[in-house]
file structure-v7.csv (CSV, C-alpha atoms and all ligand atoms)
chain,number,residue,atom,x,y,z
A,210,MET,CA,46.7,11.7,56.9
A,211,ASN,CA,49.4,9.2,57.9
A,212,TRP,CA,48.8,6.0,59.7
A,213,VAL,CA,49.7,7.3,63.2
A,214,ALA,CA,47.2,10.1,62.9
A,215,THR,CA,44.6,7.6,61.6
A,216,VAL,CA,45.2,5.2,64.6
A,217,VAL,CA,44.9,8.1,67.0
A,218,CYS,CA,41.6,9.3,65.4
A,219,VAL,CA,40.2,5.8,65.6
A,220,LEU,CA,41.1,5.6,69.3
A,221,ILE,CA,39.5,8.9,70.0
A,222,PHE,CA,36.3,8.0,68.2
A,223,ALA,CA,36.2,4.6,69.8
A,224,ARG,CA,36.3,6.0,73.3
A,225,TRP,CA,33.7,8.6,72.4
A,226,ALA,CA,31.4,6.0,70.8
A,227,ALA,CA,31.8,3.6,73.8
A,228,GLU,CA,31.0,6.4,76.3
A,229,LEU,CA,27.9,7.5,74.4
A,230,TRP,CA,26.7,3.9,74.0
A,231,LEU,CA,27.1,3.2,77.7
A,232,SER,CA,25.4,6.4,78.6
A,233,ASN,CA,22.5,5.6,76.3
A,234,LEU,CA,22.2,2.1,77.7
A,235,ASN,CA,22.1,3.5,81.2
A,236,ARG,CA,19.6,6.1,80.3
A,237,ARG,CA,17.2,3.5,78.9
A,238,HIS,CA,17.6,1.3,81.9
A,239,VAL,CA,16.8,4.2,84.3
A,240,LEU,CA,13.8,5.2,82.2
A,241,ALA,CA,12.5,1.6,82.3
A,242,HIS,CA,12.4,1.8,86.1
A,243,ALA,CA,11.2,5.4,86.3
A,244,ASP,CA,7.5,4.9,86.7
A,245,ALA,CA,7.4,3.8,90.3
A,246,VAL,CA,9.9,3.2,93.2
A,247,PRO,CA,11.3,-0.3,92.5
A,248,GLU,CA,10.4,-3.0,95.0
A,249,ALA,CA,13.9,-3.1,96.5
A,250,PHE,CA,13.8,0.6,97.5
A,251,ARG,CA,10.2,0.8,98.9
A,252,GLY,CA,10.5,2.2,102.4
A,253,ILE,CA,14.0,3.5,101.7
A,254,VAL,CA,13.2,6.4,99.4
A,255,ASP,CA,9.8,8.1,98.9
A,256,GLU,CA,8.2,8.7,95.6
A,257,PRO,CA,9.2,12.4,95.1
A,258,THR,CA,12.9,11.7,96.1
A,259,TYR,CA,13.0,8.8,93.7
A,260,LYS,CA,11.5,10.8,90.8
A,261,LYS,CA,14.0,13.6,91.6
A,262,SER,CA,17.0,11.1,91.5
A,263,VAL,CA,15.8,9.9,88.1
A,264,ALA,CA,15.6,13.4,86.8
A,265,TYR,CA,19.0,14.3,88.2
A,266,THR,CA,20.6,11.1,86.7
A,267,LEU,CA,19.1,11.9,83.3
A,268,ALA,CA,20.1,15.6,83.4
A,269,LYS,CA,23.7,14.7,84.3
A,270,ALA,CA,23.8,12.0,81.5
A,271,ARG,CA,22.6,14.5,78.9
A,272,PHE,CA,25.0,17.1,80.0
A,273,GLY,CA,27.9,14.6,80.2
A,274,SER,CA,27.3,13.4,76.6
A,275,ILE,CA,27.4,17.0,75.3
A,276,GLU,CA,30.5,17.7,77.3
A,277,GLU,CA,32.2,14.6,76.1
A,278,THR,CA,31.5,15.4,72.5
A,279,TYR,CA,32.7,18.9,72.9
A,280,GLY,CA,35.9,17.5,74.6
A,281,VAL,CA,36.6,15.3,71.6
A,282,ILE,CA,36.3,18.3,69.2
A,283,VAL,CA,38.7,20.4,71.4
A,284,LEU,CA,41.2,17.5,71.5
A,285,LEU,CA,41.1,17.0,67.7
A,286,VAL,CA,41.6,20.8,67.2
A,287,PHE,CA,44.6,20.9,69.5
A,288,LEU,CA,46.1,17.7,68.0
A,289,PHE,CA,45.6,18.4,64.3
A,290,SER,CA,45.2,22.1,63.6
A,291,GLY,CA,48.9,22.9,63.8
A,292,LEU,CA,48.3,24.9,67.0
A,293,LEU,CA,50.8,22.8,69.0
A,294,PRO,CA,53.7,22.9,66.6
A,295,PHE,CA,53.1,26.7,66.2
A,296,GLY,CA,53.3,27.1,70.0
A,297,PHE,CA,56.5,25.1,70.1
A,298,HIS,CA,58.1,27.2,67.4
A,299,PHE,CA,57.0,30.4,69.0
A,300,PHE,CA,58.7,29.4,72.3
A,301,ALA,CA,61.7,27.9,70.7
A,302,HIS,CA,62.2,30.9,68.4
A,303,HIS,CA,61.7,33.6,71.1
A,304,HIS,CA,63.2,31.9,74.2
A,305,GLY,CA,65.2,28.9,72.9
A,306,THR,CA,64.8,25.3,73.9
A,307,SER,CA,66.1,25.5,77.4
A,308,ALA,CA,64.2,23.7,80.1
A,309,TRP,CA,62.7,27.0,81.4
A,310,SER,CA,61.4,27.9,77.9
A,311,MET,CA,60.0,24.4,77.1
A,312,ALA,CA,58.4,24.1,80.5
A,313,ALA,CA,56.7,27.4,79.8
A,314,PHE,CA,55.5,26.0,76.4
A,315,LEU,CA,54.0,23.0,78.2
A,316,PHE,CA,52.5,25.1,80.9
A,317,ALA,CA,51.0,27.5,78.3
A,318,VAL,CA,49.4,24.6,76.4
A,319,GLY,CA,48.0,23.1,79.6
A,320,PHE,CA,46.5,26.5,80.5
A,321,ALA,CA,45.1,27.0,77.0
A,322,MET,CA,43.5,23.5,77.0
A,323,SER,CA,41.8,24.2,80.4
A,324,LEU,CA,40.0,27.2,79.0
A,325,PRO,CA,37.5,25.6,76.6
A,326,GLY,CA,36.1,23.5,79.5
A,327,LEU,CA,35.4,26.5,81.8
A,328,PRO,CA,31.9,27.3,80.5
A,329,PHE,CA,31.0,23.6,81.1
A,330,ASP,CA,32.3,23.6,84.6
A,331,TRP,CA,30.4,26.9,85.3
A,332,TYR,CA,27.2,25.5,83.8
A,333,GLY,CA,27.5,22.3,85.7
A,334,GLN,CA,27.8,24.1,89.0
A,335,PHE,CA,25.5,27.0,88.6
A,336,ARG,CA,22.8,25.5,86.4
A,337,LEU,CA,22.7,21.8,86.8
A,338,GLU,CA,23.7,21.4,90.4
A,339,GLN,CA,21.8,24.5,91.3
A,340,LYS,CA,18.6,23.2,89.7
A,341,PHE,CA,18.7,20.1,92.0
A,342,GLY,CA,19.5,22.1,95.1
A,343,PHE,CA,23.1,21.0,95.5
A,344,ASN,CA,25.0,24.2,94.7
A,345,THR,CA,26.0,26.4,97.5
A,346,THR,CA,29.1,27.9,95.8
A,347,THR,CA,29.0,31.7,95.2
A,348,GLN,CA,30.4,33.2,92.0
A,349,LYS,CA,33.2,34.7,94.0
A,350,THR,CA,34.2,31.4,95.6
A,351,TRP,CA,34.1,29.7,92.2
A,352,TRP,CA,36.3,32.2,90.4
A,353,LEU,CA,38.7,32.4,93.4
A,354,ASP,CA,39.1,28.6,93.3
A,355,ARG,CA,40.2,28.9,89.7
A,356,VAL,CA,42.7,31.7,90.5
A,357,LYS,CA,44.1,29.7,93.4
A,358,GLY,CA,44.4,26.6,91.3
A,359,LEU,CA,46.3,28.6,88.6
A,360,ALA,CA,48.6,30.1,91.3
A,361,LEU,CA,49.4,26.6,92.7
A,362,ALA,CA,50.1,25.3,89.1
A,363,ILE,CA,52.5,28.2,88.6
A,364,LEU,CA,54.2,27.7,92.0
A,365,LEU,CA,54.3,23.9,92.0
A,366,GLY,CA,53.6,22.6,88.5
A,367,TYR,CA,55.9,24.8,86.5
A,368,PRO,CA,59.1,24.1,88.7
A,369,LEU,CA,58.3,20.4,88.4
A,370,LEU,CA,58.2,20.6,84.6
A,371,VAL,CA,61.5,22.5,84.6
A,372,LEU,CA,63.0,19.9,86.8
A,373,ILE,CA,61.9,17.0,84.6
A,374,LEU,CA,63.2,18.7,81.5
A,375,LYS,CA,66.5,19.5,83.3
A,376,ILE,CA,66.8,15.8,84.2
A,377,VAL,CA,66.5,14.9,80.5
A,378,GLU,CA,69.4,17.2,79.8
A,379,TRP,CA,71.5,15.9,82.7
A,380,THR,CA,71.0,12.2,82.6
A,381,GLY,CA,70.8,11.2,78.9
A,382,ALA,CA,69.3,7.9,77.8
A,383,GLN,CA,68.3,6.8,81.4
A,384,TRP,CA,66.4,10.1,81.9
A,385,TRP,CA,63.0,8.3,82.3
A,386,LEU,CA,64.1,6.5,85.4
A,387,TRP,CA,65.4,9.7,87.0
A,388,ALA,CA,62.4,11.7,85.9
A,389,TRP,CA,60.1,9.1,87.4
A,390,GLY,CA,62.1,9.3,90.7
A,391,ALA,CA,61.7,13.1,90.8
A,392,MET,CA,57.9,12.7,90.1
A,393,ILE,CA,57.5,10.2,93.0
A,394,ALA,CA,59.5,12.5,95.3
A,395,PHE,CA,57.2,15.3,94.3
A,396,GLN,CA,54.1,13.3,94.9
A,397,LEU,CA,55.3,12.2,98.4
A,398,LEU,CA,56.1,15.8,99.2
A,399,MET,CA,52.6,16.8,98.2
A,400,LEU,CA,51.1,14.1,100.4
A,401,VAL,CA,52.8,15.8,103.3
A,402,LEU,CA,52.2,19.4,102.3
A,403,ALA,CA,48.6,19.2,100.9
A,404,PRO,CA,46.8,18.8,104.2
A,405,VAL,CA,49.0,21.5,105.9
A,406,LEU,CA,49.4,24.1,103.1
A,407,ILE,CA,47.1,23.5,100.2
A,408,MET,CA,43.7,22.3,101.5
A,409,PRO,CA,43.4,25.2,104.0
A,410,LEU,CA,43.6,27.5,101.0
A,411,PHE,CA,40.3,26.2,99.8
A,412,ASN,CA,38.4,25.1,103.0
A,413,LYS,CA,38.2,25.9,106.7
A,414,PHE,CA,39.1,23.1,109.1
A,415,THR,CA,37.9,23.2,112.7
A,416,PRO,CA,38.3,20.6,115.4
A,417,LEU,CA,35.2,18.6,116.1
A,418,PRO,CA,33.7,20.2,119.2
A,419,GLU,CA,33.8,18.3,122.6
A,420,GLY,CA,30.8,16.2,123.2
A,421,ALA,CA,29.2,12.8,122.7
A,422,LEU,CA,30.0,12.5,119.0
A,423,ARG,CA,33.7,13.3,119.5
A,424,GLU,CA,33.9,10.9,122.5
A,425,ARG,CA,32.3,8.2,120.4
A,426,LEU,CA,34.6,8.6,117.4
A,427,LEU,CA,37.8,8.8,119.6
A,428,LYS,CA,36.7,5.6,121.3
A,429,LEU,CA,36.3,3.9,117.8
A,430,ALA,CA,39.8,5.1,116.9
A,431,GLU,CA,41.2,3.7,120.1
A,432,ARG,CA,39.3,0.4,119.7
A,433,THR,CA,40.7,0.0,116.2
A,434,ARG,CA,44.2,1.2,117.2
A,435,PHE,CA,43.9,4.0,114.6
A,436,VAL,CA,46.4,6.7,115.5
A,437,ALA,CA,45.0,10.2,114.6
A,438,ASN,CA,46.1,13.6,115.7
A,439,SER,CA,42.7,15.1,115.5
A,440,ILE,CA,39.2,14.9,114.2
A,441,GLN,CA,38.4,17.9,112.0
A,442,VAL,CA,35.3,19.3,110.4
A,443,MET,CA,35.6,20.7,106.9
A,444,ASP,CA,33.2,23.4,105.6
A,445,GLY,CA,32.1,21.3,102.6
A,446,SER,CA,28.8,23.2,102.7
A,447,LYS,CA,30.8,26.2,101.3
A,448,ARG,CA,30.5,24.7,97.8
A,449,SER,CA,28.0,21.9,97.8
A,450,ARG,CA,25.4,19.9,99.7
A,451,HIS,CA,27.1,16.7,98.7
A,452,SER,CA,28.9,15.0,101.6
A,453,ASN,CA,32.0,13.0,102.3
A,454,ALA,CA,34.6,11.8,104.9
A,455,PHE,CA,38.3,11.1,104.5
A,456,PHE,CA,41.6,11.2,106.3
A,457,THR,CA,44.9,12.8,105.3
A,458,GLY,CA,48.5,13.0,106.5
A,459,PHE,CA,50.9,10.5,107.9
A,460,GLY,CA,51.6,9.0,111.4
A,461,LYS,CA,50.9,11.4,114.1
A,462,PHE,CA,50.0,14.1,111.6
A,463,ARG,CA,47.1,12.0,110.5
A,464,LYS,CA,43.8,13.9,110.6
A,465,ILE,CA,40.3,12.5,110.3
A,466,VAL,CA,38.1,14.9,108.3
A,467,LEU,CA,34.3,15.0,108.2
A,468,PHE,CA,32.3,17.3,106.0
A,469,ASP,CA,29.9,19.5,107.9
A,470,THR,CA,27.3,18.3,105.5
A,471,LEU,CA,27.9,14.7,106.5
A,472,ILE,CA,27.5,15.6,110.2
A,473,ALA,CA,24.2,17.3,109.4
A,474,GLN,CA,22.8,14.3,107.5
A,475,LEU,CA,23.8,11.3,109.7
A,476,ASN,CA,23.2,10.4,113.3
A,477,GLU,CA,26.0,9.4,115.7
A,478,SER,CA,26.1,5.7,115.1
A,479,GLU,CA,25.9,6.2,111.3
A,480,LEU,CA,28.8,8.7,111.5
A,481,GLU,CA,30.8,6.1,113.6
A,482,ALA,CA,30.1,3.5,110.9
A,483,VAL,CA,31.3,5.8,108.1
A,484,LEU,CA,34.5,6.5,110.0
A,485,ALA,CA,34.9,2.7,110.7
A,486,HIS,CA,34.7,2.2,106.9
A,487,GLU,CA,37.4,4.8,106.4
A,488,ILE,CA,39.6,3.2,109.1
A,489,GLY,CA,38.9,-0.1,107.3
A,490,HIS,CA,40.6,1.3,104.1
A,491,PHE,CA,43.6,2.3,106.3
A,492,LYS,CA,43.8,-1.0,108.2
A,493,LYS,CA,43.6,-3.1,105.0
A,494,LYS,CA,46.4,-0.9,103.5
A,495,HIS,CA,44.3,0.1,100.5
A,496,ILE,CA,46.0,3.5,100.1
A,497,PRO,CA,49.6,2.3,99.9
A,498,LYS,CA,48.6,-0.6,97.6
A,499,MET,CA,46.9,1.9,95.2
A,500,LEU,CA,49.9,4.3,95.5
A,501,LEU,CA,52.3,1.5,94.6
A,502,PHE,CA,50.2,0.6,91.6
A,503,SER,CA,50.0,4.2,90.3
A,504,THR,CA,53.7,4.6,91.0
A,505,PHE,CA,54.4,1.5,88.8
A,506,SER,CA,52.1,2.8,86.0
A,507,SER,CA,53.9,6.2,85.9
A,508,LEU,CA,57.2,4.3,85.6
A,509,VAL,CA,55.7,2.5,82.5
A,510,GLY,CA,54.4,5.9,81.3
A,511,PHE,CA,57.8,7.6,81.4
A,512,TYR,CA,59.4,4.6,79.7
A,513,VAL,CA,56.9,4.7,76.9
A,514,VAL,CA,57.6,8.4,76.4
A,515,SER,CA,61.3,7.7,76.2
A,516,LEU,CA,60.6,5.2,73.4
A,517,LEU,CA,58.2,7.5,71.6
A,518,ALA,CA,60.6,10.4,71.8
A,519,LYS,CA,63.1,8.4,69.6
A,520,GLN,CA,60.6,8.0,66.8
A,521,ASP,CA,60.4,10.6,64.0
A,522,TRP,CA,57.0,9.3,62.9
A,523,PHE,CA,55.5,10.1,66.3
A,524,TYR,CA,56.4,13.8,66.0
A,525,ARG,CA,55.6,14.1,62.3
A,526,ALA,CA,52.1,12.7,62.7
A,527,PHE,CA,51.2,15.8,64.7
A,528,GLY,CA,53.2,18.3,62.6
A,529,PHE,CA,56.4,18.7,64.7
A,530,GLU,CA,59.7,19.0,62.9
A,531,THR,CA,61.8,18.4,66.0
A,532,THR,CA,62.6,15.5,68.3
A,533,HIS,CA,62.7,17.6,71.5
A,534,ILE,CA,61.4,15.8,74.5
A,535,ALA,CA,58.8,18.5,75.4
A,536,PRO,CA,56.3,17.7,72.5
A,537,ALA,CA,56.7,14.0,73.2
A,538,LEU,CA,55.7,14.5,76.9
A,539,LEU,CA,52.8,16.7,75.8
A,540,LEU,CA,51.5,14.3,73.1
A,541,PHE,CA,51.8,11.4,75.5
A,542,THR,CA,49.8,13.2,78.2
A,543,LEU,CA,47.1,14.2,75.7
A,544,LEU,CA,46.8,10.7,74.2
A,545,SER,CA,47.2,8.4,77.2
A,546,GLY,CA,43.6,8.9,78.2
A,547,VAL,CA,42.2,7.3,75.1
A,548,VAL,CA,44.1,4.1,75.8
A,549,MET,CA,43.7,4.1,79.6
A,550,PHE,CA,39.9,4.5,79.2
A,551,TRP,CA,39.7,0.8,78.3
A,552,PHE,CA,41.6,-0.2,81.5
A,553,SER,CA,39.4,1.9,83.7
A,554,PRO,CA,36.8,-0.9,84.4
A,555,LEU,CA,39.7,-3.0,85.9
A,556,ALA,CA,40.7,-0.1,88.1
A,557,HIS,CA,37.1,0.4,89.2
A,558,TRP,CA,36.6,-3.3,89.8
A,559,TRP,CA,39.6,-3.2,92.1
A,560,SER,CA,38.3,-0.1,93.9
A,561,ARG,CA,34.9,-1.8,94.5
A,562,LYS,CA,36.7,-4.8,95.9
A,563,TYR,CA,38.3,-2.5,98.5
A,564,GLU,CA,35.0,-0.9,99.3
A,565,TYR,CA,33.5,-4.3,100.1
A,566,GLU,CA,36.5,-5.0,102.4
A,567,ALA,CA,36.2,-1.6,104.1
A,568,ASP,CA,32.4,-2.3,104.6
A,569,ALA,CA,33.2,-5.7,106.1
A,570,PHE,CA,35.7,-4.1,108.4
A,571,ALA,CA,33.1,-1.5,109.6
A,572,LYS,CA,30.5,-4.2,110.2
A,573,GLY,CA,33.1,-6.1,112.3
A,574,VAL,CA,34.1,-3.3,114.6
A,575,MET,CA,30.5,-2.0,114.9
A,576,ASN,CA,29.3,-5.5,115.6
A,577,GLU,CA,26.3,-4.9,113.5
A,578,PRO,CA,25.7,-3.9,109.8
A,579,GLN,CA,22.6,-1.7,110.5
A,580,SER,CA,24.4,1.6,111.2
A,581,LEU,CA,26.4,1.5,108.0
A,582,ILE,CA,23.4,0.4,106.0
A,583,GLY,CA,21.5,3.4,107.5
A,584,ALA,CA,24.3,5.7,106.5
A,585,LEU,CA,24.5,4.4,103.0
A,586,ARG,CA,20.8,4.7,102.5
A,587,LYS,CA,20.8,8.3,103.7
A,588,LEU,CA,23.8,9.2,101.5
A,589,ASN,CA,22.3,7.7,98.4
A,590,GLU,CA,19.0,9.5,99.1
A,591,LYS,CA,20.6,12.9,100.0
A,592,ASN,CA,23.0,12.8,97.0
A,593,LEU,CA,20.1,11.7,94.6
A,594,SER,CA,22.3,8.8,93.5
A,595,ASN,CA,21.1,6.7,90.6
A,596,LEU,CA,19.5,3.7,92.3
A,597,THR,CA,19.0,1.7,89.1
A,598,PRO,CA,22.2,1.9,86.9
A,599,HIS,CA,22.6,-0.6,84.1
A,600,PRO,CA,25.0,-3.3,85.4
A,601,LEU,CA,27.3,-2.8,82.5
A,602,TYR,CA,27.4,1.0,83.2
A,603,SER,CA,28.1,0.7,86.9
A,604,GLY,CA,30.6,-2.1,86.2
A,605,PHE,CA,32.5,0.2,83.8
A,606,TYR,CA,32.4,3.4,85.7
A,607,TYR,CA,31.5,3.0,89.4
A,608,SER,CA,34.4,3.1,91.9
A,609,HIS,CA,31.8,2.1,94.6
A,610,PRO,CA,29.3,-0.7,94.5
A,611,THR,CA,25.7,0.3,94.2
A,612,LEU,CA,23.5,0.6,97.4
A,613,LEU,CA,21.9,-2.8,96.7
A,614,GLU,CA,25.2,-4.5,96.2
A,615,ARG,CA,26.6,-3.1,99.4
A,616,GLU,CA,23.5,-3.9,101.5
A,617,ALA,CA,23.5,-7.5,100.1
A,618,ALA,CA,27.2,-7.9,101.1
A,619,LEU,CA,26.7,-6.4,104.5
A,620,LYS,CA,23.7,-8.6,105.3
A,621,GLY,CA,25.4,-11.7,104.0
B,701,ZN,ZN,35.3,3.6,100.9
call {"tool": "encode", "arguments": {"input": "structure-v7.csv", "output": "structure tokens"}}
result
Amino acid sequence: MNWVATVVCVLIFARWAAELWLSNLNRRHVLAHADAVPEAFRGIVDEPTYKKSVAYTLAKARFGSIEETYGVIVLLVFLFSGLLPFGFHFFAHHHGTSAWSMAAFLFAVGFAMSLPGLPFDWYGQFRLEQKFGFNTTTQKTWWLDRVKGLALAILLGYPLLVLILKIVEWTGAQWWLWAWGAMIAFQLLMLVLAPVLIMPLFNKFTPLPEGALRERLLKLAERTRFVANSIQVMDGSKRSRHSNAFFTGFGKFRKIVLFDTLIAQLNESELEAVLAHEIGHFKKKHIPKMLLFSTFSSLVGFYVVSLLAKQDWFYRAFGFETTHIAPALLLFTLLSGVVMFWFSPLAHWWSRKYEYEADAFAKGVMNEPQSLIGALRKLNEKNLSNLTPHPLYSGFYYSHPTLLEREAALKG
């Protein structure tokens, strides 16, 4: 084994060990508080719900650790069994190294790598989520979702791959800059097309019916000068009892979307507070700021690939006897996660900072914190959220502050 392969293995095992260690830390912390509802949550959750949330947290943690370990094995097999160079030679031999053929190679690897996880996805939905009463997906919907996802990947992902590989042929040494530009253009196009063409493939969207709730939410939009084309209800209950709210689209195409499950769980003032929180994200420009950052990181990513693609040792470490760009793109994609993992706490810290800002905005426009607190309590209860995560665990993984942290900030 050469030094590159050794470094990669160390990185893969380091991530795996860190994840299992954090999960175990969290599990013990949850168990230590499992006997009775902790002081801070008395009167918020009842005993049976609390016990159920503990059981759900532990079951998800156990399942997650097994899935993680399995994922490591799958990744090692793909990286070091010679499967990838074999695939590359197969496509190069039969179809040449044109952009079309190499994009097909990348697509085929992506498809093959998505297969081993399917049984886990299935089990997670139809056994684990089912057991705790969250699953509402039928087998038919679940399989149709996979087929639609694959069709979209063929229609949108494959042409994008061809374009990027063509750009490498056309533009020479500066290809990474042009490829990055093409990627950004594609992502912007998706931001426009997704709400109109893609999301309706998976869910039904209907306008929120006339009535007190609609009046109330439109008044909030007016009060906060939030321009929205319409308020839509999405049939989230088609797949799960978990609930959510978000908005999509630009300018006058902007749509506010509420899950039907959310409307069923919250009262009118709580729904208004949730929407105020979402509008807070918009007003504080959280989305463009995050987009700008991810745009910058993908520029760095493309540049790193362009450097790696010049190194013989990079290809040889994984059994490739070529310096074609396609394997470099593939290997970078497979390996970036083991490095980015260590930066994820920073990203999550940043995300939590924005959640606090959106909460503060909601409190301001509602003139009281109680509606949002009520909504958060109900959402934590209905989703059986872990109420007692280990601080290191939530600090590392949570994109949202915990219920207690948010309540403390709202009351402060
Ligand atoms: Zn938020």
call {"tool": "atom_distance", "arguments": {"input": "structure-v7.csv", "atom1": "atom CA of A:Arg586", "atom2": "atom CA of A:His495"}}
result
24.0 Å
call {"tool": "atom_distance", "arguments": {"input": "structure-v7.csv", "atom1": "atom CA of A:Leu231", "atom2": "atom CA of A:Leu555"}}
result
16.3 Å
call {"tool": "residues_near_ligand", "arguments": {"input": "structure-v7.csv", "ligand": "ligand ZN 701 (chain B)", "cutoff": "8 Å", "atoms": "all atoms listed in the file", "output": "list of chain:residue names"}}
result
A:His486, A:Glu487, A:His490, A:Tyr563, A:Glu564, A:Ala567, A:Asp568, A:His609
call {"tool": "residues_around", "arguments": {"input": "structure-v7.csv", "residues": "A:Lys562", "least_positions_apart": "4", "cutoff": "10 Å", "atoms": "only C-alpha atoms", "output": "number ranges by chain"}}
result
A: 556-558, 566-567, 608-610
call {"tool": "residues_around", "arguments": {"input": "structure-v7.csv", "residues": "A:Arg355", "least_positions_apart": "3", "cutoff": "12 Å", "atoms": "all atoms listed in the file", "output": "VMD selection string"}}
result
chain A and resid 320 323 to 324 327 330 to 331 348 to 352 358 to 362 410 to 411
call {"tool": "residues_around", "arguments": {"input": "structure-v7.csv", "residues": "stretch 521-526 of chain A", "least_positions_apart": "5", "cutoff": "7 Å", "atoms": "only C-alpha atoms", "output": "list of chain:residue names"}}
result
A:Asn211, A:Val213, A:Ala214, A:Thr532
call {"tool": "residues_near_point", "arguments": {"input": "structure-v7.csv", "point": "(22.3, 1.1, 115.9)", "cutoff": "9 Å", "atoms": "only C-alpha atoms", "output": "PDB file with C-alpha atoms, in the coordinates of the input"}}
result
ATOM      1  CA  SER A 478      26.100   5.700 115.100  1.00  0.00           C
ATOM      2  CA  GLU A 479      25.900   6.200 111.300  1.00  0.00           C
ATOM      3  CA  MET A 575      30.500  -2.000 114.900  1.00  0.00           C
ATOM      4  CA  GLU A 577      26.300  -4.900 113.500  1.00  0.00           C
ATOM      5  CA  PRO A 578      25.700  -3.900 109.800  1.00  0.00           C
ATOM      6  CA  GLN A 579      22.600  -1.700 110.500  1.00  0.00           C
ATOM      7  CA  SER A 580      24.400   1.600 111.200  1.00  0.00           C
ATOM      8  CA  LEU A 581      26.400   1.500 108.000  1.00  0.00           C
ATOM      9  CA  GLY A 583      21.500   3.400 107.500  1.00  0.00           C
TER      10      GLY A 583
END
call {"tool": "closest_atom_pairs", "arguments": {"input": "structure-v7.csv", "of": "stretch 230-318 of chain A", "to": "stretch 366-378 of chain A", "cutoff": "7 Å", "atoms": "all atoms listed in the file", "output": "Markdown table"}}
result
| residue | atom | partner | partner_atom | distance |
| --- | --- | --- | --- | --- |
| A:Ala308 | CA | A:Leu374 | CA | 5.3 |
| A:Trp309 | CA | A:Val371 | CA | 5.7 |
| A:Ala312 | CA | A:Val371 | CA | 5.4 |
| A:Phe316 | CA | A:Tyr367 | CA | 6.6 |
call {"tool": "closest_residue", "arguments": {"input": "structure-v7.csv", "among": "A:Arg271, A:His533, A:Lys413, A:Lys261", "to": "A:Lys519", "atoms": "only C-alpha atoms"}}
result
A:His533
call {"tool": "residues_around", "arguments": {"input": "structure-v7.csv", "residues": "A:Phe456", "least_positions_apart": "2", "cutoff": "10 Å", "atoms": "all atoms listed in the file", "output": "list in words"}}
result
Pro404, Ala437, Ile440, Gln441, Ala454, Gly458, Phe459, Arg463, Lys464, Ile465, Val466, Leu467, Leu484, Glu487, Ile488 and Phe491 of chain A
call {"tool": "decode", "arguments": {"input": "structure-v7.csv", "residues": "stretch 396-424 of chain A", "atoms": "C-alpha atoms", "output": "PDB file, in the first residue's frame"}}
result
ATOM      1  CA  GLN A 396     -27.515  25.547  -9.761  1.00  0.00           C
ATOM      2  CA  LEU A 397     -29.184  28.907 -10.411  1.00  0.00           C
ATOM      3  CA  LEU A 398     -31.299  27.313 -13.129  1.00  0.00           C
ATOM      4  CA  MET A 399     -32.317  24.595 -10.666  1.00  0.00           C
ATOM      5  CA  LEU A 400     -33.324  27.208  -8.073  1.00  0.00           C
ATOM      6  CA  VAL A 401     -35.771  28.568 -10.640  1.00  0.00           C
ATOM      7  CA  LEU A 402     -36.927  25.250 -12.097  1.00  0.00           C
ATOM      8  CA  ALA A 403     -37.163  23.112  -8.957  1.00  0.00           C
ATOM      9  CA  PRO A 404     -40.309  24.698  -7.487  1.00  0.00           C
ATOM     10  CA  VAL A 405     -42.059  24.755 -10.871  1.00  0.00           C
ATOM     11  CA  LEU A 406     -40.996  21.485 -12.502  1.00  0.00           C
ATOM     12  CA  ILE A 407     -39.327  19.142  -9.993  1.00  0.00           C
ATOM     13  CA  MET A 408     -41.098  19.497  -6.648  1.00  0.00           C
ATOM     14  CA  PRO A 409     -44.581  18.953  -8.187  1.00  0.00           C
ATOM     15  CA  LEU A 410     -43.308  15.559  -9.425  1.00  0.00           C
ATOM     16  CA  PHE A 411     -43.040  14.422  -5.826  1.00  0.00           C
ATOM     17  CA  ASN A 412     -45.749  16.356  -3.979  1.00  0.00           C
ATOM     18  CA  LYS A 413     -49.078  18.044  -4.495  1.00  0.00           C
ATOM     19  CA  PHE A 414     -49.232  21.779  -3.815  1.00  0.00           C
ATOM     20  CA  THR A 415     -52.570  23.478  -3.195  1.00  0.00           C
ATOM     21  CA  PRO A 416     -53.273  27.102  -2.257  1.00  0.00           C
ATOM     22  CA  LEU A 417     -54.055  27.623   1.420  1.00  0.00           C
ATOM     23  CA  PRO A 418     -57.870  27.904   1.519  1.00  0.00           C
ATOM     24  CA  GLU A 419     -59.512  31.276   2.198  1.00  0.00           C
ATOM     25  CA  GLY A 420     -60.126  31.876   5.860  1.00  0.00           C
ATOM     26  CA  ALA A 421     -58.772  33.242   9.121  1.00  0.00           C
ATOM     27  CA  LEU A 422     -55.378  31.492   8.869  1.00  0.00           C
ATOM     28  CA  ARG A 423     -54.727  32.727   5.340  1.00  0.00           C
ATOM     29  CA  GLU A 424     -55.763  36.289   6.297  1.00  0.00           C
TER      30      GLU A 424
END
